[in-house]
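Engineer: Dropping in work37.tsv, which is TSV, C-alpha atoms:
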```tsv
chain	number	residue	atom	x	y	z
A	27	MET	CA	6.33	30.59	16.68
A	28	ASN	CA	3.84	29.45	19.32
A	29	TRP	CA	0.97	29.84	16.85
A	30	THR	CA	2.87	27.85	14.23
A	31	LEU	CA	3.54	25.02	16.66
A	32	ARG	CA	-0.14	24.93	17.61
A	33	LYS	CA	-1.12	24.62	13.94
A	34	TRP	CA	1.37	21.82	13.39
A	35	TRP	CA	0.10	19.97	16.45
A	36	ALA	CA	-3.53	20.42	15.38
A	37	VAL	CA	-2.87	18.93	11.94
A	38	PHE	CA	-0.88	16.06	13.43
A	39	ALA	CA	-3.63	15.33	15.99
A	40	ILE	CA	-6.41	15.37	13.38
A	41	TYR	CA	-4.70	12.88	11.11
A	42	PHE	CA	-3.52	10.77	14.04
A	43	GLN	CA	-7.13	10.37	15.15
A	44	ASP	CA	-8.11	9.59	11.57
A	45	GLY	CA	-5.46	6.86	11.41
A	46	ILE	CA	-6.60	5.35	14.70
A	47	ALA	CA	-10.21	5.32	13.48
A	48	TYR	CA	-9.20	3.25	10.43
A	49	ARG	CA	-6.66	1.01	12.16
A	50	ALA	CA	-8.12	-2.10	10.49
A	51	SER	CA	-6.70	-0.98	7.15
A	52	GLY	CA	-3.38	-0.38	8.87
A	53	LEU	CA	-3.37	-3.93	10.22
A	54	ILE	CA	-3.90	-5.23	6.69
A	55	TRP	CA	-0.76	-3.41	5.53
A	56	VAL	CA	1.13	-4.73	8.54
A	57	THR	CA	0.25	-8.33	7.63
A	58	VAL	CA	1.74	-7.69	4.18
A	59	ASP	CA	5.03	-6.75	5.85
A	60	LEU	CA	4.82	-9.84	8.04
A	61	ALA	CA	5.09	-12.08	4.98
A	62	THR	CA	8.60	-10.75	4.38
A	63	ALA	CA	9.43	-10.84	8.09
A	64	VAL	CA	8.57	-14.53	8.32
A	65	THR	CA	9.90	-15.86	5.02
A	66	MET	CA	13.08	-13.92	4.17
A	67	PRO	CA	14.94	-14.60	7.45
A	68	LEU	CA	14.22	-18.32	7.02
A	69	VAL	CA	15.46	-18.28	3.42
A	70	TRP	CA	18.78	-16.65	4.32
A	71	ALA	CA	19.12	-18.68	7.50
A	72	ARG	CA	18.97	-21.82	5.37
A	73	ALA	CA	21.37	-20.40	2.78
A	74	SER	CA	23.95	-19.37	5.38
A	75	ARG	CA	24.06	-22.66	7.28
A	76	SER	CA	27.25	-23.66	5.46
A	77	GLY	CA	28.98	-20.37	6.26
A	78	PRO	CA	28.64	-16.56	6.22
A	79	ILE	CA	27.36	-14.87	3.04
A	80	GLY	CA	28.83	-11.46	2.34
A	81	GLY	CA	29.95	-11.28	5.97
A	82	PHE	CA	26.45	-12.09	7.28
A	83	THR	CA	25.99	-15.08	9.55
A	84	THR	CA	22.59	-16.66	10.16
A	85	SER	CA	22.15	-14.52	13.28
A	86	ASP	CA	23.13	-11.41	11.32
A	87	PHE	CA	20.50	-12.08	8.66
A	88	ILE	CA	17.75	-12.57	11.25
A	89	LEU	CA	18.72	-9.39	13.10
A	90	TYR	CA	18.99	-7.44	9.84
A	91	TYR	CA	15.49	-8.33	8.62
A	92	LEU	CA	13.80	-7.75	11.95
A	93	CYS	CA	15.43	-4.32	12.31
A	94	MET	CA	14.79	-3.45	8.66
A	95	LEU	CA	11.08	-4.23	8.86
A	96	PHE	CA	10.51	-2.43	12.12
A	97	LEU	CA	12.40	0.68	11.01
A	98	GLY	CA	10.71	0.55	7.61
A	99	SER	CA	7.32	0.87	9.27
A	100	PHE	CA	8.39	4.35	10.38
A	101	VAL	CA	10.69	5.40	7.55
A	102	THR	CA	8.92	4.43	4.33
A	103	SER	CA	6.26	6.86	3.13
A	104	HIS	CA	3.41	6.00	0.74
A	105	ILE	CA	1.48	9.26	0.85
A	106	MET	CA	1.72	9.82	-2.93
A	107	TRP	CA	-1.28	7.53	-3.52
A	108	GLU	CA	-3.63	9.69	-1.44
A	109	LEU	CA	-2.29	12.94	-2.87
A	110	ALA	CA	-2.62	11.76	-6.46
A	111	MET	CA	-6.24	10.77	-5.88
A	112	GLU	CA	-7.06	14.07	-4.18
A	113	ILE	CA	-5.48	16.02	-7.03
A	114	LYS	CA	-7.36	13.93	-9.59
A	115	GLU	CA	-10.71	14.38	-7.84
A	116	GLY	CA	-10.26	18.10	-7.21
A	117	GLN	CA	-10.04	17.87	-3.40
A	118	PHE	CA	-6.59	19.40	-3.77
A	119	SER	CA	-8.27	22.79	-4.34
A	120	THR	CA	-9.37	23.03	-0.71
A	121	MET	CA	-5.80	22.43	0.47
A	122	LEU	CA	-4.68	25.52	-1.42
A	123	LEU	CA	-7.04	27.63	0.74
A	124	ARG	CA	-5.82	26.39	4.11
A	125	PRO	CA	-3.69	28.66	6.35
A	126	MET	CA	-0.72	26.28	6.07
A	127	SER	CA	1.44	25.34	3.14
A	128	PHE	CA	0.56	22.17	1.25
A	129	TYR	CA	3.96	20.73	2.11
A	130	GLN	CA	3.59	21.34	5.86
A	131	ILE	CA	0.10	19.83	5.98
A	132	ASN	CA	1.19	16.65	4.28
A	133	PHE	CA	4.38	16.38	6.31
A	134	PHE	CA	2.41	16.19	9.57
A	135	ARG	CA	-0.31	14.13	7.90
A	136	ASN	CA	2.32	11.59	6.90
A	137	LEU	CA	4.16	11.83	10.24
A	138	SER	CA	1.00	10.91	12.16
A	139	TRP	CA	0.72	7.66	10.22
A	140	ARG	CA	4.44	6.99	10.71
A	141	PHE	CA	3.74	6.86	14.46
A	142	ILE	CA	0.66	4.69	14.08
A	143	ARG	CA	2.26	2.09	11.82
A	144	PRO	CA	5.01	1.03	14.31
A	145	MET	CA	2.40	0.90	17.07
A	146	LEU	CA	0.36	-1.58	15.02
A	147	PHE	CA	3.47	-3.55	14.08
A	148	ALA	CA	4.93	-3.71	17.61
A	149	PRO	CA	2.87	-6.70	18.92
A	150	PHE	CA	3.79	-8.76	15.86
A	151	PHE	CA	7.41	-7.66	16.23
A	152	VAL	CA	7.47	-9.02	19.78
A	153	LEU	CA	6.14	-12.34	18.50
A	154	LEU	CA	8.85	-12.42	15.84
A	155	LEU	CA	11.52	-11.75	18.46
A	156	PHE	CA	10.19	-14.68	20.45
A	157	ALA	CA	10.05	-16.93	17.39
A	158	TYR	CA	13.64	-16.12	16.36
A	159	ARG	CA	15.04	-15.89	19.91
A	160	GLY	CA	17.35	-18.83	19.28
A	161	TYR	CA	19.20	-16.87	16.60
A	162	LEU	CA	19.45	-13.62	18.55
A	163	GLN	CA	21.25	-14.70	21.72
A	164	HIS	CA	24.44	-12.84	20.83
A	165	ALA	CA	22.90	-10.06	18.72
A	166	THR	CA	23.83	-6.47	19.53
A	167	ILE	CA	22.46	-3.16	18.31
A	168	HIS	CA	23.99	0.31	18.37
A	169	LEU	CA	21.65	3.08	19.52
A	170	GLY	CA	24.09	5.97	19.17
A	171	TRP	CA	23.20	9.43	17.91
A	172	GLU	CA	24.27	8.41	14.41
A	173	PHE	CA	21.44	5.88	14.30
A	174	TRP	CA	18.75	8.30	15.50
A	175	ALA	CA	19.96	10.97	13.08
A	176	SER	CA	20.00	8.49	10.19
A	177	LEU	CA	16.51	7.24	11.11
A	178	ALA	CA	15.05	10.76	11.01
A	179	LEU	CA	16.92	11.63	7.83
A	180	GLY	CA	15.89	8.36	6.20
A	181	HIS	CA	12.26	9.24	6.78
A	182	LEU	CA	12.81	12.68	5.28
A	183	VAL	CA	14.51	11.18	2.23
A	184	SER	CA	11.51	8.89	1.69
A	185	PHE	CA	8.98	11.67	2.31
A	186	THR	CA	10.60	14.26	0.07
A	187	PHE	CA	11.05	11.69	-2.70
A	188	VAL	CA	7.40	10.60	-2.73
A	189	MET	CA	6.27	14.22	-2.47
A	190	MET	CA	8.34	14.91	-5.56
A	191	MET	CA	6.57	12.02	-7.32
A	192	SER	CA	3.19	13.29	-6.13
A	193	MET	CA	3.71	16.52	-8.04
A	194	LEU	CA	3.51	14.51	-11.28
A	195	ALA	CA	-0.25	14.22	-10.64
A	196	LEU	CA	-0.52	17.94	-11.40
A	197	PHE	CA	0.60	17.26	-14.98
A	198	THR	CA	-1.32	14.07	-15.79
A	199	GLN	CA	-4.38	12.27	-14.47
A	200	GLU	CA	-2.83	8.79	-14.58
A	201	VAL	CA	0.21	8.43	-12.34
A	202	THR	CA	-0.54	5.12	-10.61
A	203	SER	CA	1.59	3.20	-13.11
A	204	ILE	CA	4.55	5.44	-12.29
A	205	PHE	CA	3.99	4.87	-8.58
A	206	GLU	CA	3.87	1.10	-9.08
A	207	LEU	CA	7.15	1.19	-11.00
A	208	TYR	CA	8.68	3.09	-8.08
A	209	TYR	CA	8.39	0.02	-5.84
A	210	ILE	CA	10.65	-2.08	-8.08
A	211	PRO	CA	13.90	-0.12	-7.52
A	212	MET	CA	12.78	0.80	-4.00
A	213	LEU	CA	12.53	-2.85	-2.90
A	214	PHE	CA	15.74	-3.96	-4.59
A	215	LEU	CA	17.95	-0.94	-3.84
A	216	SER	CA	16.74	0.00	-0.35
A	217	GLY	CA	17.87	-3.27	1.21
A	218	GLN	CA	14.36	-4.46	2.02
A	219	LEU	CA	14.62	-7.67	-0.01
A	220	PHE	CA	18.28	-8.38	0.74
A	221	PRO	CA	21.21	-6.53	2.34
A	222	ILE	CA	23.06	-4.31	-0.11
A	223	ALA	CA	26.34	-5.54	1.43
A	224	ILE	CA	25.93	-9.04	-0.05
A	225	LEU	CA	25.83	-7.69	-3.61
A	226	PRO	CA	28.95	-7.62	-5.80
A	227	GLU	CA	31.01	-4.50	-5.14
A	228	TRP	CA	29.95	-2.78	-8.38
A	229	ALA	CA	26.26	-3.47	-7.68
A	230	ALA	CA	26.53	-2.21	-4.09
A	231	LYS	CA	28.13	1.02	-5.31
A	232	LEU	CA	25.42	1.42	-7.94
A	233	ALA	CA	22.70	0.90	-5.32
A	234	LYS	CA	24.20	3.66	-3.16
A	235	PHE	CA	24.12	6.03	-6.13
A	236	PHE	CA	20.30	6.21	-5.74
A	237	PRO	CA	18.33	7.55	-2.76
A	238	PHE	CA	16.57	4.27	-1.92
A	239	TYR	CA	19.38	2.82	0.20
A	240	PHE	CA	19.42	6.00	2.27
A	241	THR	CA	15.81	5.53	3.35
A	242	THR	CA	15.87	2.21	5.24
A	243	GLY	CA	19.18	0.57	4.34
A	244	ALA	CA	21.52	3.11	5.93
A	245	PRO	CA	19.79	3.41	9.35
A	246	THR	CA	19.41	-0.38	9.54
A	247	GLU	CA	23.09	-1.02	8.87
A	248	ILE	CA	24.09	1.68	11.36
A	249	LEU	CA	21.80	0.10	13.96
A	250	ILE	CA	23.28	-3.38	13.60
A	251	GLY	CA	26.84	-2.06	13.50
A	252	ARG	CA	27.59	-2.77	9.83
A	253	VAL	CA	28.22	0.94	9.11
A	254	THR	CA	30.28	2.85	11.68
A	255	GLY	CA	32.68	5.77	12.05
A	256	ASN	CA	33.41	7.81	8.92
A	257	ALA	CA	31.16	5.58	6.82
A	258	ALA	CA	28.22	6.49	9.05
A	259	TYR	CA	29.01	10.21	8.85
A	260	GLN	CA	29.26	9.94	5.07
A	261	ALA	CA	25.85	8.23	4.96
A	262	LEU	CA	24.34	11.07	7.01
A	263	CYS	CA	25.78	13.67	4.64
A	264	ILE	CA	24.42	11.84	1.60
A	265	GLN	CA	20.99	11.60	3.24
A	266	ILE	CA	20.98	15.37	3.79
A	267	ALA	CA	22.02	15.89	0.15
A	268	TRP	CA	19.16	13.74	-1.14
A	269	ILE	CA	16.66	15.59	1.05
A	270	VAL	CA	17.79	18.91	-0.42
A	271	ILE	CA	17.67	17.54	-3.98
A	272	CYS	CA	14.23	15.94	-3.66
A	273	TYR	CA	12.76	18.94	-1.88
A	274	GLY	CA	14.15	21.31	-4.49
A	275	LEU	CA	12.76	19.21	-7.35
A	276	SER	CA	9.36	18.92	-5.67
A	277	ARG	CA	9.17	22.71	-5.26
A	278	PHE	CA	10.13	23.15	-8.92
A	279	LEU	CA	7.44	20.67	-10.04
A	280	TRP	CA	4.95	22.36	-7.69
A	281	ALA	CA	5.52	25.76	-9.28
A	282	LYS	CA	5.20	24.35	-12.80
A	283	GLY	CA	2.36	21.95	-11.97
A	284	LEU	CA	0.05	24.59	-10.51
A	285	LYS	CA	-0.08	26.18	-13.96
A	286	HIS	CA	-1.43	22.89	-15.38
A	287	TYR	CA	-3.86	22.06	-12.56
A	288	THR	CA	-7.51	22.58	-13.53
A	289	GLY	CA	-9.29	21.51	-10.34
A	290	VAL	CA	-12.34	20.16	-12.15
A	291	GLY	CA	-12.47	16.89	-10.24
A	292	MET	CA	-14.20	13.76	-11.52
```
Hey, can you dump this file as C-alpha coordinates for me?
Structural biologist:
Amino acid sequence: MNWTLRKWWAVFAIYFQDGIAYRASGLIWVTVDLATAVTMPLVWARASRSGPIGGFTTSDFILYYLCMLFLGSFVTSHIMWELAMEIKEGQFSTMLLRPMSFYQINFFRNLSWRFIRPMLFAPFFVLLLFAYRGYLQHATIHLGWEFWASLALGHLVSFTFVMMMSMLALFTQEVTSIFELYYIPMLFLSGQLFPIAILPEWAAKLAKFFPFYFTTGAPTEILIGRVTGNAAYQALCIQIAWIVICYGLSRFLWAKGLKHYTGVGM
(Lines of atoms letter the chains of each structure in order from A and count residues from 1; the text may use other names and numbers.)
(Lines give C-alpha, C1' and ligand atoms only; values in the text may rest on other atoms or scores of the structure.)
Protein backbone atom coordinates (compact mmCIF):
# COMPACT_ATOMS: atom_id res chain seq x y z
CA MET A 1 0.00 0.00 0.00
CA ASN A 2 2.82 2.41 0.85
CA TRP A 3 4.45 1.78 -2.53
CA THR A 4 1.14 2.36 -4.31
CA LEU A 5 0.61 5.66 -2.51
CA ARG A 6 4.12 6.77 -3.45
CA LYS A 7 3.43 6.02 -7.12
CA TRP A 8 0.17 7.94 -7.02
CA TRP A 9 1.86 10.91 -5.40
CA ALA A 10 4.72 10.83 -7.92
CA VAL A 11 2.33 10.92 -10.88
CA PHE A 12 0.27 13.69 -9.28
CA ALA A 13 3.41 15.75 -8.53
CA ILE A 14 4.79 15.37 -12.06
CA TYR A 15 1.63 16.57 -13.74
CA PHE A 16 1.08 19.28 -11.12
CA GLN A 17 4.50 20.72 -11.96
CA ASP A 18 3.69 20.42 -15.65
CA GLY A 19 0.46 22.37 -15.13
CA ILE A 20 2.26 25.10 -13.17
CA ALA A 21 4.87 25.40 -15.92
CA TYR A 22 2.15 26.09 -18.49
CA ARG A 23 -0.09 28.25 -16.31
CA ALA A 24 -0.49 30.84 -19.08
CA SER A 25 -2.66 28.42 -21.04
CA GLY A 26 -4.65 27.81 -17.88
CA LEU A 27 -5.27 31.53 -17.48
CA ILE A 28 -6.62 31.65 -21.03
CA TRP A 29 -9.19 28.98 -20.16
CA VAL A 30 -10.06 30.85 -16.97
CA THR A 31 -10.82 34.02 -18.94
CA VAL A 32 -13.26 31.99 -21.06
CA ASP A 33 -15.13 31.05 -17.88
CA LEU A 34 -15.09 34.68 -16.76
CA ALA A 35 -17.24 35.67 -19.74
CA THR A 36 -20.07 33.57 -18.31
CA ALA A 37 -19.36 34.73 -14.77
CA VAL A 38 -19.71 38.38 -15.77
CA THR A 39 -22.59 38.25 -18.25
CA MET A 40 -25.03 35.57 -17.07
CA PRO A 41 -25.57 36.94 -13.54
CA LEU A 42 -26.32 40.36 -15.03
CA VAL A 43 -28.78 38.88 -17.53
CA TRP A 44 -30.76 37.04 -14.85
CA ALA A 45 -30.47 39.92 -12.40
CA ARG A 46 -32.18 42.12 -14.97
CA ALA A 47 -34.81 39.49 -15.76
CA SER A 48 -35.68 38.92 -12.09
CA ARG A 49 -36.09 42.57 -11.13
CA SER A 50 -39.87 42.27 -11.40
CA GLY A 51 -39.99 39.17 -9.20
CA PRO A 52 -38.49 35.71 -8.58
CA ILE A 53 -38.09 33.33 -11.53
CA GLY A 54 -38.53 29.67 -10.71
CA GLY A 55 -38.02 30.50 -7.04
CA PHE A 56 -34.75 32.36 -7.74
CA THR A 57 -34.42 35.97 -6.65
CA THR A 58 -31.76 38.28 -8.06
CA SER A 59 -29.47 37.44 -5.13
CA ASP A 60 -30.08 33.73 -5.69
CA PHE A 61 -29.08 33.95 -9.34
CA ILE A 62 -25.85 35.80 -8.52
CA LEU A 63 -24.93 33.30 -5.80
CA TYR A 64 -25.82 30.36 -8.05
CA TYR A 65 -23.57 31.44 -10.93
CA LEU A 66 -20.62 32.35 -8.75
CA CYS A 67 -20.78 28.99 -6.94
CA MET A 68 -21.37 27.09 -10.18
CA LEU A 69 -18.36 28.58 -11.92
CA PHE A 70 -16.00 28.12 -9.01
CA LEU A 71 -17.07 24.52 -8.41
CA GLY A 72 -16.99 23.82 -12.14
CA SER A 73 -13.31 24.74 -12.25
CA PHE A 74 -12.68 21.69 -10.05
CA VAL A 75 -15.43 19.34 -11.16
CA THR A 76 -15.49 19.49 -14.96
CA SER A 77 -12.88 17.35 -16.72
CA HIS A 78 -11.65 17.89 -20.29
CA ILE A 79 -8.88 15.29 -20.40
CA MET A 80 -10.40 13.46 -23.40
CA TRP A 81 -8.78 15.95 -25.81
CA GLU A 82 -5.24 15.11 -24.67
CA LEU A 83 -5.91 11.37 -24.57
CA ALA A 84 -7.42 11.32 -28.06
CA MET A 85 -4.38 13.12 -29.47
CA GLU A 86 -1.95 10.80 -27.69
CA ILE A 87 -3.80 7.74 -28.97
CA LYS A 88 -3.86 9.17 -32.50
CA GLU A 89 -0.14 9.99 -32.47
CA GLY A 90 0.92 6.68 -30.93
CA GLN A 91 2.14 8.12 -27.61
CA PHE A 92 -0.48 5.93 -25.98
CA SER A 93 1.83 2.93 -26.52
CA THR A 94 4.29 4.14 -23.88
CA MET A 95 1.48 4.41 -21.32
CA LEU A 96 0.77 0.71 -21.76
CA LEU A 97 4.32 -0.06 -20.57
CA ARG A 98 4.20 1.98 -17.37
CA PRO A 99 3.97 0.23 -13.96
CA MET A 100 0.53 1.76 -13.32
CA SER A 101 -2.78 1.24 -15.01
CA PHE A 102 -3.79 3.69 -17.72
CA TYR A 103 -6.85 4.66 -15.70
CA GLN A 104 -4.86 5.43 -12.54
CA ILE A 105 -2.29 7.52 -14.39
CA ASN A 106 -4.92 9.68 -16.01
CA PHE A 107 -6.96 10.00 -12.84
CA PHE A 108 -4.04 11.65 -11.02
CA ARG A 109 -3.01 13.51 -14.16
CA ASN A 110 -6.49 15.01 -14.32
CA LEU A 111 -6.69 15.56 -10.55
CA SER A 112 -3.50 17.65 -10.59
CA TRP A 113 -5.07 20.06 -13.07
CA ARG A 114 -8.30 20.12 -11.05
CA PHE A 115 -6.27 21.64 -8.20
CA ILE A 116 -4.45 24.11 -10.43
CA ARG A 117 -7.56 25.43 -12.17
CA PRO A 118 -9.30 26.72 -8.97
CA MET A 119 -6.00 28.26 -7.87
CA LEU A 120 -5.85 30.26 -11.11
CA PHE A 121 -9.53 31.16 -10.88
CA ALA A 122 -9.45 32.22 -7.20
CA PRO A 123 -8.13 35.81 -7.69
CA PHE A 124 -10.79 36.50 -10.32
CA PHE A 125 -13.40 34.92 -8.07
CA VAL A 126 -12.50 37.36 -5.28
CA LEU A 127 -12.93 40.25 -7.71
CA LEU A 128 -16.33 38.91 -8.74
CA LEU A 129 -17.39 38.65 -5.10
CA PHE A 130 -16.40 42.29 -4.65
CA ALA A 131 -18.21 43.35 -7.82
CA TYR A 132 -21.44 41.58 -6.84
CA ARG A 133 -21.18 42.29 -3.09
CA GLY A 134 -24.37 44.35 -3.18
CA TYR A 135 -26.38 41.29 -4.19
CA LEU A 136 -24.79 38.89 -1.70
CA GLN A 137 -25.44 40.61 1.63
CA HIS A 138 -27.94 37.98 2.76
CA ALA A 139 -26.55 35.01 0.83
CA THR A 140 -25.88 31.79 2.73
CA ILE A 141 -24.11 28.59 1.75
CA HIS A 142 -24.30 25.11 3.26
CA LEU A 143 -20.94 23.39 3.74
CA GLY A 144 -22.25 20.14 5.20
CA TRP A 145 -20.86 16.70 4.45
CA GLU A 146 -23.48 16.26 1.73
CA PHE A 147 -21.90 19.10 -0.23
CA TRP A 148 -18.33 17.79 0.05
CA ALA A 149 -19.46 14.28 -0.88
CA SER A 150 -21.43 15.59 -3.87
CA LEU A 151 -18.47 17.72 -4.98
CA ALA A 152 -16.11 14.72 -5.00
CA LEU A 153 -18.69 12.49 -6.66
CA GLY A 154 -19.49 15.16 -9.24
CA HIS A 155 -15.86 15.24 -10.27
CA LEU A 156 -15.81 11.46 -10.55
CA VAL A 157 -18.96 11.49 -12.69
CA SER A 158 -17.32 13.99 -15.05
CA PHE A 159 -14.00 12.12 -15.11
CA THR A 160 -15.44 8.67 -15.72
CA PHE A 161 -17.75 10.03 -18.43
CA VAL A 162 -14.96 11.72 -20.40
CA MET A 163 -12.72 8.69 -19.93
CA MET A 164 -15.49 6.62 -21.46
CA MET A 165 -15.59 9.03 -24.42
CA SER A 166 -11.80 8.90 -24.72
CA MET A 167 -11.96 5.19 -25.41
CA LEU A 168 -13.70 5.99 -28.71
CA ALA A 169 -10.31 7.19 -29.99
CA LEU A 170 -9.17 3.55 -29.98
CA PHE A 171 -11.76 2.78 -32.66
CA THR A 172 -11.45 5.80 -34.94
CA GLN A 173 -8.87 8.50 -35.63
CA GLU A 174 -11.38 11.37 -35.74
CA VAL A 175 -13.23 11.88 -32.47
CA THR A 176 -12.97 15.65 -32.05
CA SER A 177 -16.41 16.18 -33.60
CA ILE A 178 -17.91 13.82 -31.03
CA PHE A 179 -16.16 15.69 -28.24
CA GLU A 180 -17.46 19.03 -29.53
CA LEU A 181 -21.01 17.67 -29.62
CA TYR A 182 -20.57 16.61 -25.99
CA TYR A 183 -20.44 20.25 -24.87
CA ILE A 184 -23.94 21.00 -26.17
CA PRO A 185 -25.88 18.76 -23.75
CA MET A 186 -23.24 19.31 -21.06
CA LEU A 187 -23.77 23.08 -21.01
CA PHE A 188 -27.56 22.93 -21.19
CA LEU A 189 -28.20 19.97 -18.86
CA SER A 190 -25.49 20.51 -16.24
CA GLY A 191 -26.90 23.83 -15.08
CA GLN A 192 -23.94 25.87 -16.29
CA LEU A 193 -25.99 28.11 -18.60
CA PHE A 194 -29.08 28.31 -16.38
CA PRO A 195 -30.38 26.58 -13.24
CA ILE A 196 -32.23 23.35 -13.99
CA ALA A 197 -34.85 24.38 -11.40
CA ILE A 198 -36.19 27.19 -13.61
CA LEU A 199 -37.07 24.77 -16.42
CA PRO A 200 -40.59 23.37 -16.81
CA GLU A 201 -41.11 20.32 -14.60
CA TRP A 202 -40.91 17.85 -17.51
CA ALA A 203 -37.68 19.43 -18.79
CA ALA A 204 -36.10 19.42 -15.32
CA LYS A 205 -36.92 15.72 -14.92
CA LEU A 206 -35.49 15.00 -18.36
CA ALA A 207 -32.28 16.87 -17.51
CA LYS A 208 -31.84 14.76 -14.37
CA PHE A 209 -32.17 11.59 -16.43
CA PHE A 210 -28.68 12.29 -17.86
CA PRO A 211 -25.37 12.44 -15.95
CA PHE A 212 -24.58 16.07 -16.75
CA TYR A 213 -26.64 17.58 -13.93
CA PHE A 214 -24.84 15.34 -11.46
CA THR A 215 -21.45 16.83 -12.33
CA THR A 216 -21.83 20.51 -11.39
CA GLY A 217 -25.56 21.09 -10.96
CA ALA A 218 -26.14 18.83 -7.95
CA PRO A 219 -23.21 20.03 -5.77
CA THR A 220 -24.03 23.66 -6.60
CA GLU A 221 -27.67 23.33 -5.58
CA ILE A 222 -26.69 21.48 -2.41
CA LEU A 223 -24.20 24.25 -1.59
CA ILE A 224 -26.74 27.05 -1.95
CA GLY A 225 -29.43 25.12 -0.08
CA ARG A 226 -31.74 24.40 -3.02
CA VAL A 227 -31.37 20.62 -2.54
CA THR A 228 -31.51 19.32 1.03
CA GLY A 229 -32.51 16.30 3.10
CA ASN A 230 -33.71 13.23 1.20
CA ALA A 231 -33.31 15.00 -2.14
CA ALA A 232 -29.60 15.48 -1.41
CA TYR A 233 -29.17 11.82 -0.42
CA GLN A 234 -30.95 10.76 -3.60
CA ALA A 235 -28.61 12.95 -5.66
CA LEU A 236 -25.59 11.31 -4.00
CA CYS A 237 -26.92 7.84 -4.80
CA ILE A 238 -27.53 8.78 -8.43
CA GLN A 239 -24.01 10.20 -8.69
CA ILE A 240 -22.57 6.91 -7.42
CA ALA A 241 -24.73 5.01 -9.93
CA TRP A 242 -23.46 7.11 -12.84
CA ILE A 243 -19.85 6.61 -11.74
CA VAL A 244 -20.33 2.84 -11.76
CA ILE A 245 -22.07 2.93 -15.16
CA CYS A 246 -19.50 5.18 -16.85
CA TYR A 247 -16.57 3.29 -15.37
CA GLY A 248 -18.03 -0.04 -16.45
CA LEU A 249 -18.62 1.21 -20.00
CA SER A 250 -15.13 2.68 -20.21
CA ARG A 251 -13.58 -0.63 -19.14
CA PHE A 252 -15.71 -2.45 -21.73
CA LEU A 253 -14.62 -0.03 -24.49
CA TRP A 254 -11.01 -0.33 -23.28
CA ALA A 255 -11.04 -4.10 -23.65
CA LYS A 256 -12.59 -3.92 -27.11
CA GLY A 257 -10.59 -0.88 -28.25
CA LEU A 258 -7.18 -2.38 -27.53
CA LYS A 259 -7.90 -4.98 -30.19
CA HIS A 260 -8.36 -2.17 -32.76
CA TYR A 261 -5.43 0.00 -31.65
CA THR A 262 -2.50 -0.10 -34.09
CA GLY A 263 -0.05 2.30 -32.42
CA VAL A 264 1.43 3.52 -35.70
CA GLY A 265 1.24 7.20 -34.82
CA MET A 266 1.22 10.00 -37.40
Engineer: One number please: atom CA of A:Phe214 to atom CA of A:Phe238, in Å, one decimal.
Structural biologist: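 Interatomic distance here is 8.7 Å.
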Engineer: Quick one: residues within 12 Å of A:Ala36, all atoms listed in the file counted, chain neighbours fewer than 4 positions away excluded, as a PyMOL selection string?
Structural biologist: chain A and resi 29-32+40-43+126+130-131+134-135+138
Engineer: Kindly provide, as JSON, the centre and edge lengths (Å, one decimal) of an axis-aligned box around all atoms of stretch 65-71 of chain A given in the file, with 3 Å on each side.
Structural biologist:
```
{"center_x": 14.5, "center_y": -16.3, "center_z": 5.5, "size_x": 15.2, "size_y": 10.8, "size_z": 10.1}
```
Engineer: Identify which of the residues A:Pro211, A:Ile224, A:Phe96, A:Ala61 lies closest to A:Met145, counting only C-alpha atoms when measuring atom-to-atom distances.
Structural biologist: A:Phe96
Engineer: How would you write as a list in words the residues that get within 8 Å of (17.0, 7.9, 9.5) in the file's frame, counting all atoms listed in the file?
Structural biologist: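 So the residues meeting the distance criterion are Val101, Phe173, Trp174, Ala175, Ser176, Leu177, Ala178, Leu179, Gly180, His181, Leu182, Phe240, Thr241, Thr242, Ala244 and Pro245 of chain A.
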Engineer: I need the residue nearest A:Gly251 from this list: A:Leu153, A:Leu213, A:Ala165, A:Val69. Use all atoms listed in the file for the distance.
Structural biologist: A:Ala165
Engineer: Rounded to one decimal place, report the atom CA of A:Leu155-atom CA of A:Gln265 distance in Å.
Structural biologist: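 Those two atoms sit 29.4 Å apart.
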Engineer: Can you work out the spacing between atom CA of A:Ile264 and atom CA of A:Leu169 in Å, to one decimal?
Structural biologist: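 Straight-line distance from atom CA of A:Ile264 to atom CA of A:Leu169 works out to 20.1 Å.
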Engineer: Got a sec: who's within 9 Å of A:Leu92, counting all atoms listed in the file, leaving out chain neighbours fewer than 6 positions off, as number ranges by chain?
Structural biologist: A: 63, 67, 151, 154-155
Engineer: Can you work out which one of A:Arg277, A:Glu247, A:Ala39, A:Ile88 has the shortest atom-to-atom distance to A:Ala157, counting all atoms listed in the file?
Structural biologist: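 Counting all atoms listed in the file, the residue closest to A:Ala157 is A:Ile88.
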Engineer: Would you list the residues near (2.6, 12.6, -4.6), meaning any protein, DNA or RNA residue with an atom at most 8 Å from that point in file coordinates, counting only C-alpha atoms, as a PyMOL selection string?
Structural biologist: chain A and resi 105-110+188-195
Engineer: For A:Ser99, find every residue with an atom within 8 Å (counting only C-alpha atoms), except residues of its own chain fewer than 4 positions away, and show them as a ChimeraX atom specification.
Structural biologist: /A:95,140,143-144,147
Engineer: Pick the closest to A:Leu162 from A:Phe278, A:Tyr91, A:Tyr239, A:Tyr287: which is it, counting all atoms listed in the file?
Structural biologist: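 With all atoms listed in the file as the atom set, the closest residue is A:Tyr91.
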Engineer: Which one is closest to A:Thr254: A:Ile167, A:Leu279, A:Leu137, A:Ile266? Count only C-alpha atoms.
Structural biologist: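 With only C-alpha atoms as the atom set, the closest residue is A:Ile167.
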Engineer: Quick one: everything within 6 Å of A:Ala233, counting all atoms listed in the file, minus sequence neighbours fewer than 3 positions away in the same chain. Send it as a list of chain:residue names.
Structural biologist: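 My list of contacting residues is A:Leu215, A:Ala230, A:Phe236.
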Engineer: Go through A:Ala223, A:Ala261, A:Val253, A:Ile113 and flag the residue nearest A:Val201, using all atoms listed in the file for the distances.
Structural biologist: A:Ile113
